[in-house]
Structure formats: C-alpha cells, structure tokens
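Notes follow the structure.
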Amino acid sequence: RSPKMKRVVKQLGKLAKNDGPVLLSGPSGSGKAFLAARLHKKQGLDPQAPFIMLDCREIDATRSKETLFGSGQNLPEDSHAIRFKSLHDYGTIHLAEGGTLVLRNLEALELETLAAVNDYATEIAAGSSTLPECRIMATTEVDPGELGLREEFFKPLLDHLLEGHVQVPALRDRRKDILALARLLLADREGGDTKKFSRGAENGLLNKKYFQNNVRELKDAIDLAVLVAE
C-alpha cells in the first residue's frame with residue numbers, strides 16, 4: 001500500500017520478464033528473501049523448478065567457490081550423468097539448474113568466488129550451452145554504493161547486478177503497510193484467525209520504531225501477542 005513498496009512491486013514485474021541477475025538490497029528483516037521467492041514464482045517457470053537459498057555467511061569462505069560450482073574439473077556434458085557421479089563433484093549451481101539460486105549476504109563471499117559468479121553470469125548471458133543454467137539473485141544489507149568502495153568486493157559483478165537492482169525499504173519508511181502486514185501475519189498464526197487487534201494495539205504497532213529487524217520484528221511482536229493476549 002505504501003508508495004515505496006508499490007515501486008518495488010512494479011520493478012519485480014519488469015524483472016520477471018527476463019532472467020538476468022538481480023540484487024535485492026535493504027536492512028535485515030525487510031523482506032528481501034520473500035521478494036526473491038515472489039520473483040521466482042512470477043517468472044512462469046515450471047512449478048517444480050528449484051528455488052535454492054544459500055546464506056554466504058554460513059559456508060566456509062575457503063571452500064565457497066567449490067560449494068557453488070563443485071570440485072569436478074571435467075564434468076560430463078550429459079546432464080543425466082549427475083546421478084552416476086559423486087555430488088561432491090557438483091555445486092549448488094547444478095542443483096538449481098532450471099530455477100533460481102539466491103545468494104544471501106553476497107558480500108560474505110571471498111573475491112575469487114565473486115569473480116567466478118560474475119564469469120558464470122556473463123557466460124550464461126552470452127548463451128553458453130555447457131553450463132547448468134539458473135537465475136542468480138543476491139541479497140545484501142550493505143548499501144551498494146559502499147560495496148563498490150570495498151577492495152574485497154568484485155566491482156564488475158556489482159555492475160552486473162545493479163542492472164537488476166531493487167532497494168527494499170525499511171518498515172519504518174513504509175508505515176502504510178504496517179497494519180495490513182500485521183493483519184496478514186495475525187491470520188497466519190494458529191489461533192490468530194479468531195483474534196483481532198484493539199485500537200490501542202494498532203496504535204502501538206504504528207508507533208513502534210522498528211530499528212532492529214523490520215518486518216521480522218513486527219512478526220515477532222505478533223507471534224508473542226497471539227500467545228499472551230486475549
């Protein structure tokens with residue numbers, strides 16, 4: 001309902017018409033992962049197309065390239081051969097073939113891996129037929145302008161991602177969405193469909209600052225309210 005989120009929805013509609021890389025930036029808990037999943041669904045892919053999220057903060061930095069692209073140097077071109085070889089030879093890219101791979105907290109990847117991601121995106125855009133094809137989406141809590149200034153970040157990849165950049169606003173900057181989101185979150189809770197917010201509760205939700213985790217913070221407040229409030 002807020003103007004800022006209406007712009008985001010419009011951007012997603014445009015991005016759904018192509019399969020280029022996407023960067024979703026914004027504060028923690030603002031809904032970047034949710035929007036990535038929404039964009040995946042809007043592309044009209046096979047309903048069984050894989051949608052894989054990989055948190056770059058949680059993988060071994062020294063093996064991040066192997067995690068993404070696998071350890072095999074000479075993989076067979078036959079896509080069915082994966083069932084006859086060790087999965088260790090393959091990476092997450094192969095598992096996401098035909099679908100979407102979301103790299104959460106992209107800035108946590110080491111420089112060599114970032115360069116490899118850029119090479120992959122470049123080759124796919126050029127029509128490579130030897131690589132498993134999937135759409136790369138990335139999320140970050142770091143402002144893209146700051147990322148571009150970091151020596152440990154691969155700037156050509158950032159330039160590539162900025163062609164499909166979506167800035168997700170903080171919840172405090174989209175207050176028209178708060179009550180609508182709150183009601184959806186309430187209805188989604190077990191037992192929540194029989195409860196409603198008092199006027200005082202609505203005012204409390206609207207006046208909250210949401211400096212910590214944005215929509216996630218709103219959800220946590222409602223989860224607690226369903227448990228303790230009549």
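We name chains A, B, ... following the order of the structure tokens; residues begin at 1 in each chain, and ligands are numbered from 1 as shown.
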
Subject >> Contacts of region 102-119 of chain A at 8 Å (only C-alpha atoms; same-chain gap of 4+ positions) as a count of residues only >> reply: 28

**OP:** List the neighbours of Ser30 (chain A) out to 9 Å using only C-alpha atoms; skip same-chain residues closer than 3 positions along the sequence, and give me the result as a ChimeraX atom specification.
**Re:** /A:26-27,33-34,168-171,213-216

Subject >> Which of region 131-172 of chain A fall in strand (DSSP E or B), as JSON, numbers by chain >> reply: {"A": [135, 136, 137, 138, 139, 140, 165, 166, 167]}

**OP:** List the neighbours of Gln11 (chain A) out to 12 Å using only C-alpha atoms; skip same-chain residues closer than 4 positions along the sequence, and give me the result as an MDAnalysis selection string.
**Re:** chainID A and resid 4:7 15:18 22:24 35 39 42 163:168

Restricting the output to N, CA and C atoms, write the selected residues as an mmCIF file, in the first residue's frame.
data_model
loop_
_atom_site.group_PDB
_atom_site.id
_atom_site.type_symbol
_atom_site.label_atom_id
_atom_site.label_comp_id
_atom_site.auth_asym_id
_atom_site.auth_seq_id
_atom_site.Cartn_x
_atom_site.Cartn_y
_atom_site.Cartn_z
ATOM 1 N N LYS A 4 6.479 3.409 -1.719
ATOM 2 C CA LYS A 4 7.791 2.778 -1.921
ATOM 3 C C LYS A 4 7.644 1.305 -2.291
ATOM 4 N N MET A 5 6.709 0.603 -1.639
ATOM 5 C CA MET A 5 6.540 -0.812 -1.963
ATOM 6 C C MET A 5 5.818 -1.008 -3.290
ATOM 7 N N LYS A 6 4.979 -0.054 -3.666
ATOM 8 C CA LYS A 6 4.342 -0.128 -4.988
ATOM 9 C C LYS A 6 5.409 -0.040 -6.085
ATOM 10 N N ARG A 7 6.432 0.783 -5.843
ATOM 11 C CA ARG A 7 7.526 0.877 -6.810
ATOM 12 C C ARG A 7 8.302 -0.441 -6.876
ATOM 13 N N LEU A 15 11.286 -7.197 -13.899
ATOM 14 C CA LEU A 15 12.367 -8.176 -13.814
ATOM 15 C C LEU A 15 11.886 -9.587 -14.124
ATOM 16 N N ALA A 16 10.589 -9.837 -13.928
ATOM 17 C CA ALA A 16 10.041 -11.169 -14.210
ATOM 18 C C ALA A 16 10.032 -11.470 -15.703
ATOM 19 N N LYS A 17 10.204 -10.435 -16.534
ATOM 20 C CA LYS A 17 10.160 -10.620 -17.984
ATOM 21 C C LYS A 17 11.512 -11.029 -18.569
ATOM 22 N N ASN A 18 12.554 -11.035 -17.741
ATOM 23 C CA ASN A 18 13.855 -11.511 -18.218
ATOM 24 C C ASN A 18 14.457 -12.433 -17.165
ATOM 25 N N VAL A 22 19.828 -10.459 -10.343
ATOM 26 C CA VAL A 22 19.064 -9.490 -9.552
ATOM 27 C C VAL A 22 19.766 -9.267 -8.223
ATOM 28 N N LEU A 23 19.798 -8.021 -7.773
ATOM 29 C CA LEU A 23 20.320 -7.678 -6.449
ATOM 30 C C LEU A 23 19.209 -7.039 -5.632
ATOM 31 N N LEU A 24 18.905 -7.628 -4.475
ATOM 32 C CA LEU A 24 17.930 -7.075 -3.540
ATOM 33 C C LEU A 24 18.700 -6.559 -2.334
ATOM 34 N N LEU A 35 10.739 -11.427 -1.305
ATOM 35 C CA LEU A 35 10.608 -10.848 -2.642
ATOM 36 C C LEU A 35 11.329 -11.699 -3.683
ATOM 37 N N LEU A 39 9.527 -13.206 -6.936
ATOM 38 C CA LEU A 39 10.025 -13.020 -8.300
ATOM 39 C C LEU A 39 10.207 -14.372 -8.986
ATOM 40 N N LYS A 42 6.873 -15.468 -10.196
ATOM 41 C CA LYS A 42 6.289 -14.622 -11.244
ATOM 42 C C LYS A 42 6.902 -14.867 -12.617
ATOM 43 N N GLU A 163 22.181 -3.807 -12.729
ATOM 44 C CA GLU A 163 21.237 -3.727 -13.849
ATOM 45 C C GLU A 163 19.864 -4.253 -13.439
ATOM 46 N N GLY A 164 19.832 -5.076 -12.376
ATOM 47 C CA GLY A 164 18.567 -5.593 -11.859
ATOM 48 C C GLY A 164 18.462 -5.347 -10.365
ATOM 49 N N HIS A 165 18.732 -4.110 -9.942
ATOM 50 C CA HIS A 165 18.779 -3.783 -8.508
ATOM 51 C C HIS A 165 17.413 -3.336 -7.994
ATOM 52 N N VAL A 166 17.027 -3.891 -6.837
ATOM 53 C CA VAL A 166 15.802 -3.481 -6.147
ATOM 54 C C VAL A 166 16.175 -3.090 -4.726
ATOM 55 N N GLN A 167 15.877 -1.851 -4.357
ATOM 56 C CA GLN A 167 16.120 -1.367 -2.996
ATOM 57 C C GLN A 167 14.867 -1.614 -2.168
ATOM 58 N N VAL A 168 14.974 -2.461 -1.149
ATOM 59 C CA VAL A 168 13.830 -2.795 -0.303
ATOM 60 C C VAL A 168 13.821 -1.846 0.896
#

Contacts of region 133-190 of chain A with region 89-100 of chain A up to 6 Å, shortest pair per row, only C-alpha atoms, as JSON lines:
{"residue": "A:Glu133", "atom": "CA", "partner": "A:Glu97", "partner_atom": "CA", "distance": 5.2}
{"residue": "A:Cys134", "atom": "CA", "partner": "A:Glu97", "partner_atom": "CA", "distance": 4.9}
{"residue": "A:Arg135", "atom": "CA", "partner": "A:Thr100", "partner_atom": "CA", "distance": 4.7}

Original post:
Counting only C-alpha atoms, which of A:Ser2, A:Tyr120, A:Lys32, A:Thr194 gets nearest to Phe69 (chain A)?
Top reply: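 Looking at the shortest contact to Phe69 (chain A), the residue is A:Tyr120.
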
Subject >> A:Leu45, A:Leu179, A:Leu224, A:Leu218 ranked by distance to Glu202 (chain A), top pick (using only C-alpha atoms) >> reply: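 Ranking A:Leu45, A:Leu179, A:Leu224, A:Leu218 by distance to Glu202 (chain A), first place goes to A:Leu179.
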
Original post:
Neighbours of Ser198 (chain A) within 12 Å (only C-alpha atoms; same-chain residues fewer than 6 positions away dropped), as a ChimeraX atom specification?
Top reply: /A:179,183,204-205,225,229-230

Write out, as a PDB file, in the first residue's frame, the residues just selected, with N, CA, C and O atoms.
ATOM      1  N   LEU A 179      -0.167  -1.999   9.265  1.00  0.00           N
ATOM      2  CA  LEU A 179      -1.378  -2.673   9.738  1.00  0.00           C
ATOM      3  C   LEU A 179      -1.828  -3.778   8.779  1.00  0.00           C
ATOM      4  O   LEU A 179      -2.297  -4.831   9.220  1.00  0.00           O
ATOM      5  N   ARG A 183      -2.127  -7.651  10.039  1.00  0.00           N
ATOM      6  CA  ARG A 183      -3.339  -8.475   9.936  1.00  0.00           C
ATOM      7  C   ARG A 183      -3.074  -9.777   9.188  1.00  0.00           C
ATOM      8  O   ARG A 183      -3.611 -10.824   9.539  1.00  0.00           O
ATOM      9  N   GLY A 204      -0.073   0.997  18.890  1.00  0.00           N
ATOM     10  CA  GLY A 204       1.244   0.552  19.349  1.00  0.00           C
ATOM     11  C   GLY A 204       2.105   0.052  18.199  1.00  0.00           C
ATOM     12  O   GLY A 204       3.290   0.366  18.106  1.00  0.00           O
ATOM     13  N   LEU A 205       1.488  -0.705  17.302  1.00  0.00           N
ATOM     14  CA  LEU A 205       2.225  -1.226  16.145  1.00  0.00           C
ATOM     15  C   LEU A 205       2.672  -0.098  15.228  1.00  0.00           C
ATOM     16  O   LEU A 205       3.775  -0.128  14.676  1.00  0.00           O
ATOM     17  N   ALA A 225       2.122 -11.732  20.890  1.00  0.00           N
ATOM     18  CA  ALA A 225       0.777 -11.256  21.252  1.00  0.00           C
ATOM     19  C   ALA A 225      -0.258 -12.373  21.170  1.00  0.00           C
ATOM     20  O   ALA A 225      -1.133 -12.501  22.035  1.00  0.00           O
ATOM     21  N   ALA A 229      -1.991 -12.640  24.706  1.00  0.00           N
ATOM     22  CA  ALA A 229      -3.104 -11.680  24.814  1.00  0.00           C
ATOM     23  C   ALA A 229      -4.437 -12.334  24.493  1.00  0.00           C
ATOM     24  O   ALA A 229      -4.534 -13.180  23.604  1.00  0.00           O
ATOM     25  N   GLU A 230      -5.450 -11.927  25.202  1.00  0.00           N
ATOM     26  CA  GLU A 230      -6.804 -12.434  24.928  1.00  0.00           C
ATOM     27  C   GLU A 230      -7.399 -11.791  23.683  1.00  0.00           C
ATOM     28  O   GLU A 230      -8.245 -12.353  23.041  1.00  0.00           O
TER      29      GLU A 230
END

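When only C-alpha atoms are used to measure the gap to Leu68 (chain A), the shortest distance among A:Gly29, A:Pro132, A:Gly200, A:Pro144 belongs to A:Pro132.
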
**OP:** Write out as a PyMOL selection string all residues of region 104-155 of chain A that DSSP puts in alpha helix (DSSP H) for this structure's backbone.
**Re:** chain A and resi 111-125+144-147+155

Just the selected residues (C-alpha atoms), exported as a compact mmCIF listing (two decimals), in the first residue's frame, please.
# COMPACT_ATOMS: atom_id res chain seq x y z
CA LEU A 111 36.93 -12.18 -4.00
CA GLU A 112 37.80 -15.25 -6.09
CA THR A 113 34.28 -16.67 -5.67
CA LEU A 114 32.67 -13.32 -6.52
CA ALA A 115 34.73 -13.22 -9.72
CA ALA A 116 33.59 -16.78 -10.54
CA VAL A 117 29.94 -15.77 -10.04
CA ASN A 118 30.47 -12.86 -12.42
CA ASP A 119 32.10 -15.15 -15.00
CA TYR A 120 29.16 -17.56 -14.72
CA ALA A 121 26.57 -14.80 -15.16
CA THR A 122 28.48 -13.41 -18.14
CA GLU A 123 28.71 -16.79 -19.86
CA ILE A 124 25.03 -17.56 -19.28
CA ALA A 125 24.08 -14.16 -20.70
CA PRO A 144 25.54 -0.99 -2.97
CA GLY A 145 27.46 2.29 -3.06
CA GLU A 146 29.51 1.14 -0.08
CA LEU A 147 30.02 -2.30 -1.62
CA LYS A 155 33.22 -4.48 -8.79

Subject >> Test item: residues at most 8 Å from Lys196 (chain A), only C-alpha atoms, excluding those fewer than 3 positions along its chain, as a ChimeraX atom specification >> reply: /A:183,186,192-193
